[in-house]
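Undergrad: Quick one: the structure is below, and I'll ask about it shortly.
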Amino acid sequence: MTVSSLQAPAPPHPLSDLLPKEVGVRQAADGHTELTVDRRQLLEVLRTLKESPATSCNLLLDVCAVDYPEREARFDVVYHLTGLQSGQRFRVKVPVPEDDPVLPTAYGIWKAADWFEREAYDMMGIRFDGHPNLRRILTHEAFQGHPLRKDYDPSQRWMLTEAETMVPTWAKDATEDEDQFETQVLNLGPQHPATHGTLRTVVRLEGEVITKAECEIGYLHRCFEKMSETHGWNQVIPYTDRLNYCSSHINGAGFALAVERMLGVEAPPRAQAIHVILSELSRIMDHAVCLGALLVDVGALTNFWYFFQTREEIYGLIEKCSGGRLTLSYARIGGLAHDVPADFEERVRYLLGHIPKFIDDVETLITTNKIFRDRTEGVGAISAEEAIAWGWTGPCLRASGVPYDVRKANPYHGYDQYTFEVPVATTGDCYARYLVRIEEMRQSLRIVEQALKSLPPGPVITDNHRVALPPKQKVFTEMEALIWHFKLIYEGIKVPAGDAYACVEGANGELGYYIVADGGGRPYRVKVRPPCFAIFQAFPHMLEGHLVADFIAIQSSLNIIAGELDR
Amino acid sequence: MNNVPTVNVDRPDQTLGERIYLVSIVKGLAVTLRHFLRNLFGQRDIATIQYPEVKRQYSERLRGKHILTTKDDGSLRCVACYMCETACPADCIHIVAEEDPEATVEWEKKAAVYEIDLLRCVFCGYCVDACPKEAIIMSREHEMAFTSREEAVVGIEELRQKGPIESEDLGYRPYY
């Protein structure tokens, strides 16, 4: 028997029957089926992936572009898709040349492409043919160039002093004549007491009813993705704290997870359990902020104090673990910066007994309260189909009846060991989102309790000296440890060339990191898939037909976090 | 997704009692009254403190203003190896090295300039983790105010350990 006869030809992938034969299909190491598609066939392939029963990718998670200046076709536009029923994940790559960077828009297939394509246009200069509103989204209108291109110098500074100029075309038409004296255009935000982040919404009012709306974001854009490309892998973690600043630990843990998957290392069991405990406590904090603010906005102030009491106590614990309250920088690639303090278990146990009391108090005050129910029931309702089309994930999607939760669909950090249920509601309105978040806080407490019970002893960071800094005592005393220490700081972690997408369940939904490495000590490209972004692109469309007062309730119930919206 | 254990949180339509609303008012008042009385007479259950008269006691891991530690003879432990400058995600540390004239070995370096821009600093503690000499640690000092940007760039004299290390308000130090 010859060697060559042992290498049986790979069985044809079942997808090859569905797709044009020019499409390259490959199974990527991160669990995605990767398709490389010519742009002329893009829409056909995307539509097949969505409509074929074998794949049924109903959720478009992310669209982004990667720049390879040396390549003939300079850009890759990357689509991440998943089928909620099948659980399959797909990555579609389309090479795009520099001299004609045009792709057909996927907006007609998934509405979720709306803002993601605008972002790819803004950051990389890819134009999407047929897009209804292809304007810059994160940078200022007067901005020149495309900042995420590799030839854009990150150290240059721009002073754009022009005041806000974005006026939607439909807003210019609205004139106050005698027949339509009640039509007016109103600016809500960016500096509005009820827009908890910096979000500007222009609405056209017919009396008190919103007939048209458009959002403008980007006021808090701080070039997270560009800065990641100019710093080492571990140095990105303090930046991630500022994405969703209400639940910072989840972001850092998610980024570390993505890089760990590429490196092929795993955080020790103790670190994973601590990640779970702190992530779930962070989720409780995030929901507490969201609901506390929602209730203040609809006129129930007391609950804000009850929720912030618990939040303050969790912050106390987090500060004791990491040394920081809001921006904790506690995760590291391969584990955690250091072990939790000696009284960690005792303090978590105290919180486990303490937090439910406050949730109960809020529930007594609010859940059966006629004013709150009248104010939120039927307001901002969105159907499951619409929510999926817009790329929603997280509590807002679950409030529409879709039990999609990354912790169940793609378990990480050992979430499959814990018993918990995914709360769902069916009405998809503000009240349902409130109920889902309340129940999620209780489920998070269940997870924390189990994780604490089975908290294993042992190290909190991998002993792989190519990934984690050696223990300080060894650095002070041993030559070899000192050398590794120097190499890691100066050269950084060498992540093998390739790409991977990893996601965690953030407080607002699926928080994904798409990471491209070139083998060096710095990321080649980091793309965050922020859950807020997908949710808020639907927001102006949800407003139509609602009273202007409902604007506040809807926005608060969606939980605006400008840090991850604008990055 | 089909076999995910779910719990439905939908609530039935408002009952008569809810619609009348009086019951909800009484229940709600009972909750707020309980909190009021407990805080007035019993064990105070409030996380709020009367800052700045009362200050919160932070843990010994708090990442505050940096301290440059010194050797027994009062000179800086820093050997100007640029590790903290390299590890800093905010690029806020600026070091200029020079040859140490009092060194016992040849080519021993020391920092001629060691500046931290406290307005750029994000207090992540990476410099502390990076230092191979435990020459930079952090204190718990976190109340810093400046009247100009230049004033926020602090040098060796401002950062240097003031007395014996035990007398400093020590915060984040290398733990592992």
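In the structure tokens, chains take the letters A, B, ... in the order shown, each chain's residues start at 1, and ligands count up from 1 in the order shown.
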Skip Asp13 of chain B itself and residues of its chain fewer than 3 positions away, then list as a PyMOL selection string all residues within 12 Å of it, counting only C-alpha atoms.
TA: (chain A and resi 367-370+373-374+377-378+427+431) or (chain B and resi 10+16-19)
Undergrad: Just the selected residues (N, CA and C atoms), exported as a compact mmCIF listing (two decimals), in the first residue's frame, please.
TA:
```txt
# COMPACT_ATOMS: atom_id res chain seq x y z
N THR A 367 -43.55 45.37 39.26
CA THR A 367 -44.03 44.37 38.31
C THR A 367 -45.55 44.39 38.16
N THR A 368 -46.26 44.57 39.25
CA THR A 368 -47.72 44.58 39.13
C THR A 368 -48.28 46.00 39.18
N ASN A 369 -47.40 46.96 39.02
CA ASN A 369 -47.84 48.35 39.14
C ASN A 369 -48.57 48.80 37.88
N LYS A 370 -49.78 49.29 38.07
CA LYS A 370 -50.63 49.64 36.92
C LYS A 370 -50.00 50.74 36.08
N ARG A 373 -47.15 49.26 34.02
CA ARG A 373 -47.64 48.35 32.98
C ARG A 373 -48.32 49.12 31.86
N ASP A 374 -49.15 50.09 32.23
CA ASP A 374 -49.83 50.89 31.20
C ASP A 374 -48.82 51.64 30.34
N GLU A 377 -46.52 48.36 28.43
CA GLU A 377 -47.09 47.23 27.70
C GLU A 377 -47.51 47.68 26.31
N GLY A 378 -47.08 46.93 25.32
CA GLY A 378 -47.42 47.27 23.94
C GLY A 378 -46.57 48.39 23.37
N THR A 427 -44.12 38.97 24.11
CA THR A 427 -44.70 40.20 23.55
C THR A 427 -43.66 41.13 22.93
N TYR A 431 -42.21 46.16 28.49
CA TYR A 431 -42.52 45.42 29.71
C TYR A 431 -41.86 44.04 29.67
N ASP B 10 -43.68 35.77 30.75
CA ASP B 10 -44.87 36.56 30.42
C ASP B 10 -45.81 36.63 31.63
N LEU B 16 -58.01 42.46 38.46
CA LEU B 16 -58.85 43.55 38.96
C LEU B 16 -58.12 44.33 40.04
N GLY B 17 -57.44 43.56 40.93
CA GLY B 17 -56.71 44.21 42.01
C GLY B 17 -55.64 45.15 41.48
N GLU B 18 -54.96 44.72 40.41
CA GLU B 18 -53.92 45.57 39.84
C GLU B 18 -54.53 46.80 39.20
N ARG B 19 -55.68 46.59 38.58
CA ARG B 19 -56.29 47.73 37.87
C ARG B 19 -56.80 48.77 38.86
```
Undergrad: I'd like the contact shell of Val4 of chain B - 8 Å cut-off, only C-alpha atoms, skipping same-chain residues fewer than 3 positions apart - returned as a list in words.
TA: Pro403, Lys408, Glu421 and Val422 of chain A; Met1 of chain B
Undergrad: Would you please give, as a VMD selection string, all residues of segment 270-446 of chain A that DSSP assigns to strand (DSSP E) based on the backbone?
TA: chain A and resid 331 to 332 335 to 336 422 to 424
Undergrad: Given the selection you just returned, output its residues as a file containing N, CA and C atoms, formatted as a short mmCIF file (atom, residue, chain, number, x, y, z; two decimals), in the first residue's frame.
TA:
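Saved as selection-v1.cif:
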```cif
data_model
loop_
_atom_site.label_atom_id
_atom_site.label_comp_id
_atom_site.auth_asym_id
_atom_site.auth_seq_id
_atom_site.Cartn_x
_atom_site.Cartn_y
_atom_site.Cartn_z
N ALA A 331 -8.91 40.47 33.48
CA ALA A 331 -8.64 39.30 32.65
C ALA A 331 -7.26 39.45 32.02
N ARG A 332 -6.62 38.32 31.77
CA ARG A 332 -5.40 38.31 30.98
C ARG A 332 -5.55 37.17 29.99
N GLY A 335 -5.87 33.54 31.42
CA GLY A 335 -6.41 33.45 32.78
C GLY A 335 -6.73 34.81 33.37
N LEU A 336 -6.22 35.01 34.59
CA LEU A 336 -6.51 36.25 35.32
C LEU A 336 -5.20 36.88 35.78
N VAL A 422 -33.09 29.87 30.39
CA VAL A 422 -33.06 31.09 29.60
C VAL A 422 -34.45 31.73 29.67
N PRO A 423 -34.55 32.92 30.25
CA PRO A 423 -35.86 33.55 30.34
C PRO A 423 -36.32 34.07 28.98
N VAL A 424 -37.54 33.79 28.64
CA VAL A 424 -38.11 34.32 27.40
C VAL A 424 -39.49 34.90 27.69
#
```
Undergrad: In Å, rounded to a single decimal, give me how far atom CA of Pro411 of chain A is from atom CA of Ala337 of chain A.
TA: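 Atom CA of Ala337 of chain A sits 23.0 Å away from atom CA of Pro411 of chain A.
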Undergrad: Can you pull out the residues contacting segment 438-442 of chain A? Cut-off 8 Å, using only C-alpha atoms, and skip same-chain residues under 6 positions away; I want them as a ChimeraX atom specification.
TA: /A:283-284,287,356,359,422-423 /B:9
Undergrad: Would you output that residue set with C-alpha atoms, as a compact mmCIF listing (two decimals), in the first residue's frame?
TA:
```txt
# COMPACT_ATOMS: atom_id res chain seq x y z
CA ARG A 283 -24.49 41.05 34.12
CA ILE A 284 -26.51 41.75 37.26
CA HIS A 287 -29.24 44.92 34.15
CA PRO A 356 -32.39 38.89 45.80
CA ILE A 359 -34.76 42.45 43.29
CA VAL A 422 -33.06 31.09 29.60
CA PRO A 423 -35.86 33.55 30.34
CA VAL B 9 -41.74 35.27 32.15
```
Undergrad: Counting only C-alpha atoms, which residues of chain B come no farther than 7 Å from chain A, as a VMD selection string?
TA: chain B and resid 1 4 to 10 18 to 19 21 24 27 to 28 31 46 to 47 59 61 to 63 83 86 to 87 89 124 130 132 to 133 172 174 to 176
Undergrad: Applying 7 Å and only C-alpha atoms, which residues near segment 64-69 of chain A remain after dropping the ones on its own chain fewer than 4 positions away? List them as a PyMOL selection string.
TA: chain A and resi 74-79+120+124+149-150+525
Undergrad: Name all residues at most 7 Å from segment 64-74 of chain B (count only C-alpha atoms; drop same-chain ones fewer than 3 positions away) and give them as a PyMOL selection string.
TA: chain B and resi 77+123+135-142+159-161+171
Undergrad: Can you spit out the residues from that selection as a short mmCIF file (atom, residue, chain, number, x, y, z; two decimals), in the first residue's frame, using C-alpha atoms?
TA:
```cif
data_model
loop_
_atom_site.label_atom_id
_atom_site.label_comp_id
_atom_site.auth_asym_id
_atom_site.auth_seq_id
_atom_site.Cartn_x
_atom_site.Cartn_y
_atom_site.Cartn_z
CA ARG B 77 15.44 50.99 42.33
CA PHE B 123 -4.41 53.06 36.02
CA ALA B 135 10.66 49.64 41.28
CA ILE B 136 7.19 50.92 40.42
CA ILE B 137 4.20 50.12 42.58
CA MET B 138 0.91 51.86 43.13
CA SER B 139 -0.54 53.70 46.08
CA ARG B 140 -4.15 54.15 47.04
CA GLU B 141 -4.03 57.84 46.31
CA HIS B 142 -6.80 58.45 43.81
CA LEU B 159 6.63 59.97 42.42
CA ARG B 160 9.54 58.93 44.63
CA GLN B 161 8.75 57.01 47.78
CA GLY B 171 -2.06 49.91 46.75
#
```
Undergrad: When you count only C-alpha atoms, which of these residues is closest to Tyr126 of chain B: B:Leu76, B:Cys92, B:Val26, B:Val54?
TA: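 Closest candidate: B:Cys92.
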Undergrad: Could you give me, as a PDB file with C-alpha atoms, in the first residue's frame, the residues within 9 Å of segment 108-113 of chain B, counting only C-alpha atoms and dropping anything in the same chain fewer than 5 positions from it?
TA:
```
ATOM      1  CA  LEU B  76      15.699  54.737  42.898  1.00  0.00           C
ATOM      2  CA  ARG B  77      15.440  50.993  42.335  1.00  0.00           C
ATOM      3  CA  CYS B  78      14.579  51.744  38.703  1.00  0.00           C
ATOM      4  CA  VAL B  79      17.248  50.592  36.234  1.00  0.00           C
ATOM      5  CA  ALA B  80      15.618  52.327  33.226  1.00  0.00           C
ATOM      6  CA  CYS B  81      14.932  49.089  31.364  1.00  0.00           C
ATOM      7  CA  HIS B  94       8.424  58.629  29.406  1.00  0.00           C
ATOM      8  CA  ILE B  95      11.891  57.512  30.478  1.00  0.00           C
ATOM      9  CA  VAL B  96      15.325  58.822  29.602  1.00  0.00           C
ATOM     10  CA  ALA B  97      18.163  56.592  30.740  1.00  0.00           C
ATOM     11  CA  GLU B  98      21.677  57.609  31.738  1.00  0.00           C
ATOM     12  CA  GLU B  99      24.702  55.809  33.067  1.00  0.00           C
ATOM     13  CA  ASP B 100      24.708  55.504  36.813  1.00  0.00           C
ATOM     14  CA  PRO B 101      27.926  57.197  38.025  1.00  0.00           C
ATOM     15  CA  GLU B 102      27.755  55.516  41.425  1.00  0.00           C
ATOM     16  CA  ALA B 103      27.200  52.025  40.071  1.00  0.00           C
ATOM     17  CA  GLY B 155       8.476  63.360  37.471  1.00  0.00           C
ATOM     18  CA  ILE B 156      10.800  61.458  39.764  1.00  0.00           C
TER      19      ILE B 156
END
```
Undergrad: What does the structure give for the distance between atom CA of Met262 of chain A and atom CA of Thr33 of chain A, in Å to one decimal?
TA: 16.1 Å
Undergrad: Quick one: everything within 9 Å of Ile250 of chain A, counting only C-alpha atoms, minus sequence neighbours fewer than 6 positions away in the same chain. Send it as an MDAnalysis selection string.
TA: chainID A and resid 241 244 275:276 278:280 282:283 504:507 511
Undergrad: What separation in Å, quoted to one decimal, exists between atom CA of Leu257 of chain A and atom CA of Ala502 of chain A?
TA: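 Atom-to-atom, atom CA of Leu257 of chain A to atom CA of Ala502 of chain A, that is 7.1 Å.
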Undergrad: Of the candidates A:Ala342, A:Leu103, A:Val516, A:Met479, which one gets nearest to Ala497 of chain A if we count only C-alpha atoms?
TA: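 Nearest candidate to Ala497 of chain A out of A:Ala342, A:Leu103, A:Val516, A:Met479: A:Val516.
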